[in-house]
Amino acid sequence: MKQDETMKVKRYDDTNVNPDFVAERKKCTFNIELLTNIIDGSSYLTETRRQAQLAVLNNESFSNLPDRYYASRDEAYAQNIRKSAAYIKLLKEDKSISRAESYFMQCLIFPNEVPPFSLHTTMFTPTFESMADEEQKKLWMPRIENYEILGTYIQTEMGHGTNVRGLETTATFDPSTDEFIIHSPTLTSIKWWPGGLGKTCNCAIVMASLITNGRNEGIHPFIVQLRDFETHEPLKGGLTIGDIGTKLGFHGMDNGFVKFDQFRIPRRNMLMKSAKVTRDGTYQKEKKLEKLKYGSMVFVRAMLVFNQAGQGLAQAVTIAARYSCVRRQSEYAPGQEEPHIIEYQAQQHILFTELAASYIFYIAGNKLRELYFTMNYDIQKGDLSDLPELHALSAGLKALTLDEAVVGIERCRLICGGHGYSAASGIPKIYTEVVAACTYEGVHPVLYLQTARYLLKVYQAALLSSSASSLPDNQSSKYIFRHLHSERPRFHFPLSFVEIVEAFERRALMCIEKASKKLDGLLATGRPHHEAWNYSACYLIRAAKAHSHVYLTSSVHEQLETVRQEDAGVYTVLGQLFELYALKSIVDHAVEFIESCGITTDQINICIERIEALLLNIRPNVLPLVDAFDFPDRLLGSALGCYDGNVYQRLYEYALNSPLNKSTVNVAYFVYYIAINIS
Ligand SMILES: CCCCCCCCCCCCCC(=O)SCCNC(=O)CCNC(=O)[C@H](O)C(C)(C)COP(=O)(O)OP(=O)(O)OC[C@H]1O[C@@H](n2cnc3c(N)ncnc32)[C@H](O)[C@@H]1OP(=O)(O)O
Ligand SMILES: Cc1cc2nc3c(=O)[nH]c(=O)nc-3n(C[C@H](O)[C@H](O)[C@H](O)COP(=O)(O)OP(=O)(O)OC[C@H]3O[C@@H](n4cnc5c(N)ncnc54)[C@H](O)[C@@H]3O)c2cc1C
């Protein structure tokens, strides 16, 4: 992408900034730019992001008109299609735009939106690439990469989401025509929810039960054309397609349904990398590659940690922090000017703990993303040995970080008082987008249980091993084995960073042990495995959460060790945030830490005192810490959270633009009150 040199020096527009903000920013004790680089991953990526964002801001086609908060659903969808067309045209014309640049552009073009074509890049293309054989890739990929084919991912049905094996849609091989017949046999088998299906995409990967020679071979992926490439009309031959209607959020997205009525596709539309049906209907599969079909779910779950939990919470925190440094309320000391609400300890406790969480999710999310790409390299080459670890980590972390992030976003909204409830605050929009991620790509109880299933296996293997080298070379096996075969360490308070990680590991091991004992205990009473598993769920979920906390703390600690060599100022503030997040988690789960680490309630009280001290430490840097996220105002879409702090002026402008203010007397009022009274 063509670079703009002027951007390198100018990060924000510093004119017309609220004087309170100017004073706040002067208190900064660290190098903001360095912290931004850490969040982005490197100084190169910061620069890449800014250039990409500048290109969006300078391009009229990407404007948010009509106003995103006043747009009807039709308008919101139309706006997204307009921007999508311009964006795809740009990508086609400028082949020098890298993947990273296009990602950064997309985030800003569609602020806090999942646009209608997004399934094409996040699920359709990765699934196709991973599940198609070489000949299929040669045939389809050029049109997929060229956006001539715009695809979605169709898995969920009206009656089944979690239980993928329970999906009812069938793909029956007809050897007489060399075709599969895709069919929805029941009302509940209608495919339901896929993004972009309602109106936008012309193709899809459809997950359906493969039937050949009278045998059901289980769920397999098929590439299916849904709409005509010229007219965009749904194809004839047995398709009923539409939009599923208004949802909590996602207004600009056409989540859709499709009912297949004996719809025919060529045999070679089955994706045939790991399994195939030959011309005579013989089914062949490569057992070791079977789990590749889950790959795209693992990918998106791994990305959601930084993309939704990290970024979503960071945006809400940015808005609440800036607003808290503008808003004045209540008499603090008799006769004195009202203080900014940021000065209240109650406000700080919520705001700073969420600020800390957002940094933790961002940094750990970046590390998970790197881990995904490292492990996926081998997985795609056919070595699936890392897949269980990656699946367990991505499932547990997706669940834990999003669970914590949505609560955090709502807490940020609440501490903005009444204006937090206005769409103009930007927080309701962030919330409705992020909370969707708690459902799509797997609901959380189910994901925690997947993580726990893996942890119990690792635990059993570690119990039976005499040396760590006989176990798989991954983080879970290492810490579980190490703590299982060593004495409990003595913890000193306040805890050092190393001790914090150790404490989280001990707690996770204890939760895994308890879950294992619970399950074994129920099995010993003669209960069947599925029943014993079901009645151990609370223990299993606690184990999965504790394990996910280990990854969060250990990966951020690892990052801190690197930062320590680089910059003392950044190390200090990042260390404060790390400690705050960790101590709050310890206090919130005090019983588990007391039991697993042999610590006392007095020591938990030391943690509580330390949290209060950390609030004071963090206070001077609060605005610089949110500035370091470097969110453009356009992305936040918030009257409360703009960089310049001119909150009240923006709120007033927002109200004046309300469509209800277009007339002085509303038509409905006139028709139903005034006109009737006159007659
Ligand atoms: C770039 C940034 C992008 C971000 C923006 C994104 C926008 C996105 C827009 C919105 C997009 C929304 C898009 C959407 O929402 S797409 C729809 C998403 N749907 C779901 O996520 C459904 C959730 N259900 C499941 O995940 C599974 O089917 C479960 C797990 C419940 C099956 O349970 P069951 O027990 O019946 O499974 P099994 O017998 O089939 O298999 C069991 C074996 O398989 C292993 N296993 C299971 N799962 C995985 C896995 N994933 N990777 C690797 N391995 C896996 C498992 O450990 C076990 O191994 P073992 O113990 O036997 O060795
Ligand atoms: C905004 C949005 C976008 C989506 N996009 C897509 C898409 O593009 N493509 C697609 O195919 N799908 C998509 N989905 C569907 C989504 O993946 C499913 O909704 C999700 O996997 C949950 O399935 P379900 O709705 O059938 O819930 P269910 O499986 O019915 O679960 C309901 C509840 O039951 C409980 N439960 C269910 N099973 C278990 C269990 N085994 N153990 C313990 N508790 C359990 C859980 O509490 C769960 O929350 C989308 C959904 C949303 C909201």
# chains A, B, ... in the order shown; residues from 1 in each chain; ligands from 1
>>> residues_around(residues="A:Leu616", least_positions_apart="5", cutoff="9 Å", atoms="only C-alpha atoms", output="PDB file with C-alpha atoms, in the first residue's frame")
ATOM      1  CA  GLN A 345     -12.040   5.250  44.421  1.00  0.00           C
ATOM      2  CA  GLN A 348     -11.198   3.747  39.847  1.00  0.00           C
ATOM      3  CA  ILE A 611      -5.027  -3.502  44.885  1.00  0.00           C
TER       4      ILE A 611
END
>>> residues_near_ligand(ligand="ligand 1", cutoff="6 Å", atoms="only C-alpha atoms and all ligand atoms", output="list in words")
Val114, Leu119, Thr122, Gln155, Thr156, Gly161, Thr162, Asn163, Val164, Arg165, Lys291, Tyr294, Gly295, Met297, Val298, Val300, Met303, Leu304, Asn307, Leu387, Pro388, His391, Tyr440, Glu441, Gly442 and Gln450 of chain A
>>> residues_near_ligand(ligand="ligand 2", cutoff="9 Å", atoms="only C-alpha atoms and all ligand atoms", output="PyMOL selection string")
chain A and resi 114+119+123+152-164+191-197+206-207+247-250+253+255-256+433+435-447+449+534+537
>>> write_last_selection(atoms="N, CA and C atoms", output="CSV table (one decimal), in the first residue's frame")
chain,number,residue,atom,x,y,z
A,114,VAL,N,-19.5,-6.8,12.3
A,114,VAL,CA,-19.1,-7.9,11.4
A,114,VAL,C,-19.8,-7.7,10.1
A,119,LEU,N,-17.7,-13.6,6.6
A,119,LEU,CA,-17.6,-15.0,6.7
A,119,LEU,C,-16.7,-15.5,5.5
A,123,MET,N,-14.2,-17.7,7.6
A,123,MET,CA,-14.5,-19.1,7.7
A,123,MET,C,-14.6,-19.8,6.4
A,152,THR,N,-20.1,-18.1,2.4
A,152,THR,CA,-20.4,-18.1,3.9
A,152,THR,C,-20.2,-19.5,4.4
A,153,TYR,N,-20.3,-19.7,5.7
A,153,TYR,CA,-20.1,-21.0,6.3
A,153,TYR,C,-21.4,-21.4,7.0
A,154,ILE,N,-22.0,-22.5,6.4
A,154,ILE,CA,-23.4,-22.9,6.9
A,154,ILE,C,-23.3,-24.2,7.7
A,155,GLN,N,-23.4,-24.1,9.0
A,155,GLN,CA,-23.3,-25.3,9.8
A,155,GLN,C,-24.6,-25.4,10.7
A,156,THR,N,-24.8,-24.4,11.5
A,156,THR,CA,-25.9,-24.4,12.4
A,156,THR,C,-27.3,-24.6,11.8
A,157,GLU,N,-28.2,-25.3,12.5
A,157,GLU,CA,-29.6,-25.5,12.0
A,157,GLU,C,-30.5,-24.9,13.0
A,158,MET,N,-31.8,-24.8,12.7
A,158,MET,CA,-32.7,-24.2,13.6
A,158,MET,C,-32.8,-25.1,14.9
A,159,GLY,N,-32.6,-26.4,14.7
A,159,GLY,CA,-32.7,-27.3,15.8
A,159,GLY,C,-31.4,-27.7,16.5
A,160,HIS,N,-30.3,-27.5,15.8
A,160,HIS,CA,-29.0,-27.9,16.4
A,160,HIS,C,-27.9,-26.9,16.1
A,161,GLY,N,-27.1,-26.6,17.2
A,161,GLY,CA,-26.0,-25.7,17.0
A,161,GLY,C,-24.7,-26.4,17.6
A,162,THR,N,-24.8,-26.6,18.9
A,162,THR,CA,-23.7,-27.2,19.6
A,162,THR,C,-23.4,-28.6,19.1
A,163,ASN,N,-24.4,-29.4,19.0
A,163,ASN,CA,-24.2,-30.9,18.7
A,163,ASN,C,-24.1,-31.0,17.2
A,164,VAL,N,-22.9,-30.8,16.7
A,164,VAL,CA,-22.6,-30.9,15.3
A,164,VAL,C,-23.0,-32.2,14.7
A,191,LYS,N,-31.2,-24.7,7.8
A,191,LYS,CA,-29.9,-24.0,8.2
A,191,LYS,C,-30.3,-22.6,8.7
A,192,TRP,N,-29.7,-22.2,9.8
A,192,TRP,CA,-30.2,-21.0,10.5
A,192,TRP,C,-28.9,-20.2,11.0
A,193,TRP,N,-28.8,-19.0,10.8
A,193,TRP,CA,-27.8,-18.1,11.4
A,193,TRP,C,-26.7,-17.7,10.6
A,194,PRO,N,-26.2,-18.4,9.6
A,194,PRO,CA,-25.0,-18.0,8.9
A,194,PRO,C,-25.0,-16.6,8.4
A,195,GLY,N,-23.9,-15.9,8.7
A,195,GLY,CA,-23.7,-14.5,8.4
A,195,GLY,C,-23.5,-14.4,6.9
A,196,GLY,N,-24.3,-13.4,6.3
A,196,GLY,CA,-24.1,-13.1,4.9
A,196,GLY,C,-25.0,-14.0,4.0
A,197,LEU,N,-25.7,-15.0,4.6
A,197,LEU,CA,-26.5,-15.9,3.9
A,197,LEU,C,-27.8,-15.3,3.4
A,206,VAL,N,-21.3,-25.9,3.1
A,206,VAL,CA,-22.5,-26.5,3.9
A,206,VAL,C,-22.0,-27.7,4.6
A,207,MET,N,-22.2,-27.8,5.9
A,207,MET,CA,-21.9,-29.0,6.6
A,207,MET,C,-23.1,-29.9,6.7
A,247,LYS,N,-32.1,-8.9,15.3
A,247,LYS,CA,-31.4,-9.5,16.4
A,247,LYS,C,-31.1,-8.5,17.5
A,248,LEU,N,-30.4,-8.9,18.5
A,248,LEU,CA,-30.0,-7.9,19.6
A,248,LEU,C,-29.0,-6.9,19.0
A,249,GLY,N,-28.1,-7.3,18.1
A,249,GLY,CA,-27.2,-6.4,17.4
A,249,GLY,C,-27.1,-6.9,16.0
A,250,PHE,N,-25.9,-6.7,15.4
A,250,PHE,CA,-25.6,-7.2,14.1
A,250,PHE,C,-26.6,-6.7,13.1
A,253,MET,N,-25.9,-6.9,9.4
A,253,MET,CA,-25.5,-8.2,8.9
A,253,MET,C,-26.8,-9.0,8.6
A,255,ASN,N,-27.8,-12.2,8.7
A,255,ASN,CA,-27.7,-13.6,9.1
A,255,ASN,C,-29.0,-14.3,8.5
A,256,GLY,N,-28.8,-15.5,7.9
A,256,GLY,CA,-29.8,-16.0,7.1
A,256,GLY,C,-30.2,-17.4,7.4
A,433,GLU,N,-22.1,-6.2,19.9
A,433,GLU,CA,-21.3,-6.9,18.9
A,433,GLU,C,-20.5,-8.0,19.7
A,435,VAL,N,-21.0,-9.4,22.7
A,435,VAL,CA,-21.7,-10.4,23.3
A,435,VAL,C,-22.2,-11.5,22.3
A,436,ALA,N,-22.3,-11.1,21.1
A,436,ALA,CA,-22.6,-12.1,20.0
A,436,ALA,C,-21.5,-13.2,20.0
A,437,ALA,N,-20.3,-12.8,20.2
A,437,ALA,CA,-19.2,-13.7,20.1
A,437,ALA,C,-19.2,-14.7,21.3
A,438,CYS,N,-20.0,-14.5,22.3
A,438,CYS,CA,-20.2,-15.4,23.4
A,438,CYS,C,-21.1,-16.6,22.9
A,439,THR,N,-21.8,-16.4,21.8
A,439,THR,CA,-22.6,-17.5,21.3
A,439,THR,C,-22.0,-18.1,20.0
A,440,TYR,N,-21.7,-17.3,19.1
A,440,TYR,CA,-21.1,-17.9,17.8
A,440,TYR,C,-19.8,-18.5,18.1
A,441,GLU,N,-19.4,-19.5,17.3
A,441,GLU,CA,-18.2,-20.3,17.5
A,441,GLU,C,-18.2,-21.1,18.8
A,442,GLY,N,-19.4,-21.3,19.3
A,442,GLY,CA,-19.5,-22.3,20.4
A,442,GLY,C,-19.9,-21.5,21.7
A,443,VAL,N,-20.9,-22.0,22.4
A,443,VAL,CA,-21.4,-21.4,23.6
A,443,VAL,C,-20.4,-21.9,24.7
A,444,HIS,N,-20.3,-21.1,25.8
A,444,HIS,CA,-19.1,-21.2,26.7
A,444,HIS,C,-19.1,-22.4,27.6
A,445,PRO,N,-20.3,-22.8,28.1
A,445,PRO,CA,-20.2,-24.1,28.9
A,445,PRO,C,-19.6,-25.2,28.1
A,446,VAL,N,-20.1,-25.3,26.9
A,446,VAL,CA,-19.6,-26.4,26.0
A,446,VAL,C,-18.1,-26.3,25.7
A,447,LEU,N,-17.7,-25.1,25.5
A,447,LEU,CA,-16.2,-24.9,25.2
A,447,LEU,C,-15.4,-25.2,26.4
A,449,LEU,N,-16.1,-27.3,28.7
A,449,LEU,CA,-16.1,-28.7,28.9
A,449,LEU,C,-15.1,-29.4,27.9
A,534,ASN,N,-21.6,-35.4,33.2
A,534,ASN,CA,-22.6,-34.4,33.3
A,534,ASN,C,-22.6,-33.8,34.8
A,537,ALA,N,-19.8,-31.5,35.8
A,537,ALA,CA,-19.6,-30.3,35.0
A,537,ALA,C,-19.1,-29.0,35.7
>>> select_by_dssp(residues="stretch 289-421 of chain A", states="alpha helix (DSSP H)", output="PyMOL selection string")
chain A and resi 295-304+311-324+345-380+387-414+417-421
>>> atom_distance(atom1="atom CA of A:Asn666", atom2="atom CA of A:Ala78")
26.3 Å
>>> closest_residue(among="A:Ala208, A:Cys511, A:Ile39, A:Cys538", to="A:Val591", atoms="only C-alpha atoms")
A:Cys511
>>> atom_distance(atom1="atom CA of A:Tyr643", atom2="atom CA of A:Tyr103")
23.0 Å
>>> residues_around(residues="A:Leu384", least_positions_apart="6", cutoff="9 Å", atoms="only C-alpha atoms", output="ChimeraX atom specification")
/A:288-289,291-292,375-376,378
>>> closest_residue(among="A:Thr169, A:Gln380, A:Thr374, A:Gln315", to="A:Ser274", atoms="only C-alpha atoms")
A:Gln380
>>> residues_around(residues="stretch 630-640 of chain A", least_positions_apart="3", cutoff="7 Å", atoms="only C-alpha atoms", output="ChimeraX atom specification")
/A:36,108,111,315,319,323,424-426,627,643,647,650-651
>>> select_by_dssp(residues="stretch 197-305 of chain A", states="strand (DSSP E or B)", output="MDAnalysis selection string")
chainID A and resid 203:212 215:225 227 234 239:243 256:260 263:266 270 275:277 283:285
>>> closest_residue(among="A:Ser467, A:Gln308, A:Thr121, A:Gln475", to="A:Val434", atoms="only C-alpha atoms")
A:Gln308
>>> atom_distance(atom1="atom CA of A:Ala546", atom2="atom CA of A:Ala321")
29.1 Å
>>> residues_around(residues="A:Lys95", least_positions_apart="4", cutoff="9 Å", atoms="only C-alpha atoms", output="PDB file with N, CA and C atoms, in the first residue's frame")
ATOM      1  N   MET A   1       0.844  -1.190   0.000  1.00  0.00           N
ATOM      2  CA  MET A   1       0.000   0.000   0.000  1.00  0.00           C
ATOM      3  C   MET A   1       0.882   1.243   0.000  1.00  0.00           C
ATOM      4  N   LEU A  90     -11.232  -1.910  -3.940  1.00  0.00           N
ATOM      5  CA  LEU A  90      -9.890  -1.430  -3.597  1.00  0.00           C
ATOM      6  C   LEU A  90      -8.898  -2.594  -3.508  1.00  0.00           C
ATOM      7  N   LEU A  91      -9.321  -3.671  -2.858  1.00  0.00           N
ATOM      8  CA  LEU A  91      -8.417  -4.824  -2.701  1.00  0.00           C
ATOM      9  C   LEU A  91      -8.079  -5.439  -4.060  1.00  0.00           C
TER      10      LEU A  91
END
>>> closest_residue(among="A:Asn474, A:Thr246, A:Thr553, A:Thr186", to="A:Glu502", atoms="only C-alpha atoms")
A:Thr553
>>> residues_around(residues="stretch 357-359 of chain A", least_positions_apart="2", cutoff="7 Å", atoms="only C-alpha atoms", output="PyMOL selection string")
chain A and resi 310+313-314+353-355+361-363+581
>>> write_last_selection(atoms="C-alpha atoms", output="PDB file, in the first residue's frame")
ATOM      1  CA  GLY A 310      -9.253  -7.513  23.892  1.00  0.00           C
ATOM      2  CA  LEU A 313     -13.095  -4.195  26.230  1.00  0.00           C
ATOM      3  CA  ALA A 314     -10.250  -1.782  25.438  1.00  0.00           C
ATOM      4  CA  THR A 353      -9.486  -3.363  36.863  1.00  0.00           C
ATOM      5  CA  GLU A 354     -11.189  -3.395  33.461  1.00  0.00           C
ATOM      6  CA  LEU A 355      -8.299  -1.436  31.983  1.00  0.00           C
ATOM      7  CA  PHE A 361      -6.586  -9.994  26.871  1.00  0.00           C
ATOM      8  CA  TYR A 362      -4.903  -7.961  24.159  1.00  0.00           C
ATOM      9  CA  ILE A 363      -1.398  -9.182  24.930  1.00  0.00           C
ATOM     10  CA  TYR A 581      -5.544  -8.163  37.022  1.00  0.00           C
TER      11      TYR A 581
END
>>> decode(residues="stretch 328-364 of chain A", atoms="N, CA and C atoms", output="PDB file, in the first residue's frame")
ATOM      1  N   ARG A 328     -17.710  15.925  35.845  1.00  0.00           N
ATOM      2  CA  ARG A 328     -17.585  16.328  37.251  1.00  0.00           C
ATOM      3  C   ARG A 328     -18.916  16.049  37.935  1.00  0.00           C
ATOM      4  N   GLN A 329     -18.857  15.539  39.159  1.00  0.00           N
ATOM      5  CA  GLN A 329     -20.116  15.232  39.842  1.00  0.00           C
ATOM      6  C   GLN A 329     -19.901  15.151  41.349  1.00  0.00           C
ATOM      7  N   SER A 330     -20.870  15.620  42.084  1.00  0.00           N
ATOM      8  CA  SER A 330     -20.964  15.505  43.551  1.00  0.00           C
ATOM      9  C   SER A 330     -19.911  16.372  44.267  1.00  0.00           C
ATOM     10  N   GLU A 331     -20.319  16.740  45.490  1.00  0.00           N
ATOM     11  CA  GLU A 331     -19.420  17.596  46.285  1.00  0.00           C
ATOM     12  C   GLU A 331     -18.499  16.693  47.086  1.00  0.00           C
ATOM     13  N   TYR A 332     -17.215  16.739  46.797  1.00  0.00           N
ATOM     14  CA  TYR A 332     -16.239  15.878  47.458  1.00  0.00           C
ATOM     15  C   TYR A 332     -15.867  16.459  48.819  1.00  0.00           C
ATOM     16  N   ALA A 333     -15.448  17.704  48.793  1.00  0.00           N
ATOM     17  CA  ALA A 333     -15.173  18.413  50.044  1.00  0.00           C
ATOM     18  C   ALA A 333     -16.077  19.645  50.072  1.00  0.00           C
ATOM     19  N   PRO A 334     -16.636  19.940  51.242  1.00  0.00           N
ATOM     20  CA  PRO A 334     -17.609  21.041  51.316  1.00  0.00           C
ATOM     21  C   PRO A 334     -17.050  22.338  50.711  1.00  0.00           C
ATOM     22  N   GLY A 335     -17.840  22.922  49.824  1.00  0.00           N
ATOM     23  CA  GLY A 335     -17.479  24.227  49.267  1.00  0.00           C
ATOM     24  C   GLY A 335     -16.497  24.157  48.110  1.00  0.00           C
ATOM     25  N   GLN A 336     -15.951  22.999  47.848  1.00  0.00           N
ATOM     26  CA  GLN A 336     -14.966  22.909  46.754  1.00  0.00           C
ATOM     27  C   GLN A 336     -15.634  22.561  45.437  1.00  0.00           C
ATOM     28  N   GLU A 337     -14.880  22.829  44.353  1.00  0.00           N
ATOM     29  CA  GLU A 337     -15.380  22.477  43.023  1.00  0.00           C
ATOM     30  C   GLU A 337     -15.633  20.959  42.955  1.00  0.00           C
ATOM     31  N   GLU A 338     -16.667  20.564  42.205  1.00  0.00           N
ATOM     32  CA  GLU A 338     -16.927  19.127  42.051  1.00  0.00           C
ATOM     33  C   GLU A 338     -15.719  18.470  41.374  1.00  0.00           C
ATOM     34  N   PRO A 339     -15.286  17.329  41.858  1.00  0.00           N
ATOM     35  CA  PRO A 339     -14.132  16.685  41.202  1.00  0.00           C
ATOM     36  C   PRO A 339     -14.571  15.903  39.961  1.00  0.00           C
ATOM     37  N   HIS A 340     -13.581  15.593  39.114  1.00  0.00           N
ATOM     38  CA  HIS A 340     -13.866  14.642  38.029  1.00  0.00           C
ATOM     39  C   HIS A 340     -14.216  13.306  38.672  1.00  0.00           C
ATOM     40  N   ILE A 341     -15.106  12.568  38.053  1.00  0.00           N
ATOM     41  CA  ILE A 341     -15.531  11.306  38.674  1.00  0.00           C
ATOM     42  C   ILE A 341     -14.396  10.278  38.732  1.00  0.00           C
ATOM     43  N   ILE A 342     -13.346  10.506  37.971  1.00  0.00           N
ATOM     44  CA  ILE A 342     -12.185   9.606  38.011  1.00  0.00           C
ATOM     45  C   ILE A 342     -11.546   9.598  39.410  1.00  0.00           C
ATOM     46  N   GLU A 343     -11.785  10.668  40.204  1.00  0.00           N
ATOM     47  CA  GLU A 343     -11.132  10.745  41.521  1.00  0.00           C
ATOM     48  C   GLU A 343     -11.788   9.842  42.564  1.00  0.00           C
ATOM     49  N   TYR A 344     -12.980   9.344  42.265  1.00  0.00           N
ATOM     50  CA  TYR A 344     -13.644   8.478  43.251  1.00  0.00           C
ATOM     51  C   TYR A 344     -13.037   7.071  43.209  1.00  0.00           C
ATOM     52  N   GLN A 345     -12.684   6.565  44.382  1.00  0.00           N
ATOM     53  CA  GLN A 345     -12.040   5.250  44.421  1.00  0.00           C
ATOM     54  C   GLN A 345     -12.952   4.165  43.833  1.00  0.00           C
ATOM     55  N   ALA A 346     -14.256   4.331  44.093  1.00  0.00           N
ATOM     56  CA  ALA A 346     -15.196   3.328  43.572  1.00  0.00           C
ATOM     57  C   ALA A 346     -15.128   3.276  42.044  1.00  0.00           C
ATOM     58  N   GLN A 347     -15.014   4.469  41.428  1.00  0.00           N
ATOM     59  CA  GLN A 347     -14.901   4.554  39.961  1.00  0.00           C
ATOM     60  C   GLN A 347     -13.586   3.921  39.499  1.00  0.00           C
ATOM     61  N   GLN A 348     -12.530   4.254  40.222  1.00  0.00           N
ATOM     62  CA  GLN A 348     -11.198   3.747  39.847  1.00  0.00           C
ATOM     63  C   GLN A 348     -11.161   2.228  39.913  1.00  0.00           C
ATOM     64  N   HIS A 349     -11.796   1.677  40.941  1.00  0.00           N
ATOM     65  CA  HIS A 349     -11.712   0.231  41.120  1.00  0.00           C
ATOM     66  C   HIS A 349     -12.300  -0.492  39.905  1.00  0.00           C
ATOM     67  N   ILE A 350     -13.438  -0.003  39.442  1.00  0.00           N
ATOM     68  CA  ILE A 350     -14.047  -0.642  38.267  1.00  0.00           C
ATOM     69  C   ILE A 350     -13.229  -0.341  37.016  1.00  0.00           C
ATOM     70  N   LEU A 351     -12.960   0.931  36.814  1.00  0.00           N
ATOM     71  CA  LEU A 351     -12.302   1.340  35.570  1.00  0.00           C
ATOM     72  C   LEU A 351     -10.911   0.715  35.429  1.00  0.00           C
ATOM     73  N   PHE A 352     -10.116   0.784  36.482  1.00  0.00           N
ATOM     74  CA  PHE A 352      -8.723   0.327  36.350  1.00  0.00           C
ATOM     75  C   PHE A 352      -8.641  -1.199  36.283  1.00  0.00           C
ATOM     76  N   THR A 353      -9.550  -1.896  36.976  1.00  0.00           N
ATOM     77  CA  THR A 353      -9.486  -3.363  36.863  1.00  0.00           C
ATOM     78  C   THR A 353      -9.891  -3.783  35.439  1.00  0.00           C
ATOM     79  N   GLU A 354     -10.829  -3.060  34.847  1.00  0.00           N
ATOM     80  CA  GLU A 354     -11.189  -3.395  33.461  1.00  0.00           C
ATOM     81  C   GLU A 354     -10.089  -2.972  32.495  1.00  0.00           C
ATOM     82  N   LEU A 355      -9.439  -1.862  32.808  1.00  0.00           N
ATOM     83  CA  LEU A 355      -8.299  -1.436  31.983  1.00  0.00           C
ATOM     84  C   LEU A 355      -7.223  -2.530  31.999  1.00  0.00           C
ATOM     85  N   ALA A 356      -6.958  -3.025  33.200  1.00  0.00           N
ATOM     86  CA  ALA A 356      -5.947  -4.085  33.336  1.00  0.00           C
ATOM     87  C   ALA A 356      -6.364  -5.315  32.532  1.00  0.00           C
ATOM     88  N   ALA A 357      -7.639  -5.698  32.657  1.00  0.00           N
ATOM     89  CA  ALA A 357      -8.117  -6.888  31.932  1.00  0.00           C
ATOM     90  C   ALA A 357      -7.959  -6.709  30.429  1.00  0.00           C
ATOM     91  N   SER A 358      -8.254  -5.492  29.945  1.00  0.00           N
ATOM     92  CA  SER A 358      -8.176  -5.294  28.492  1.00  0.00           C
ATOM     93  C   SER A 358      -6.733  -5.466  28.010  1.00  0.00           C
ATOM     94  N   TYR A 359      -5.766  -4.974  28.788  1.00  0.00           N
ATOM     95  CA  TYR A 359      -4.356  -5.177  28.405  1.00  0.00           C
ATOM     96  C   TYR A 359      -3.987  -6.656  28.414  1.00  0.00           C
ATOM     97  N   ILE A 360      -4.466  -7.352  29.436  1.00  0.00           N
ATOM     98  CA  ILE A 360      -4.129  -8.777  29.541  1.00  0.00           C
ATOM     99  C   ILE A 360      -4.695  -9.535  28.333  1.00  0.00           C
ATOM    100  N   PHE A 361      -5.959  -9.256  27.984  1.00  0.00           N
ATOM    101  CA  PHE A 361      -6.586  -9.994  26.871  1.00  0.00           C
ATOM    102  C   PHE A 361      -5.908  -9.655  25.540  1.00  0.00           C
ATOM    103  N   TYR A 362      -5.561  -8.394  25.395  1.00  0.00           N
ATOM    104  CA  TYR A 362      -4.903  -7.961  24.159  1.00  0.00           C
ATOM    105  C   TYR A 362      -3.570  -8.694  23.987  1.00  0.00           C
ATOM    106  N   ILE A 363      -2.756  -8.628  25.035  1.00  0.00           N
ATOM    107  CA  ILE A 363      -1.398  -9.182  24.930  1.00  0.00           C
ATOM    108  C   ILE A 363      -1.453 -10.711  24.822  1.00  0.00           C
ATOM    109  N   ALA A 364      -2.251 -11.336  25.686  1.00  0.00           N
ATOM    110  CA  ALA A 364      -2.361 -12.800  25.618  1.00  0.00           C
ATOM    111  C   ALA A 364      -3.000 -13.203  24.289  1.00  0.00           C
TER     112      ALA A 364
END
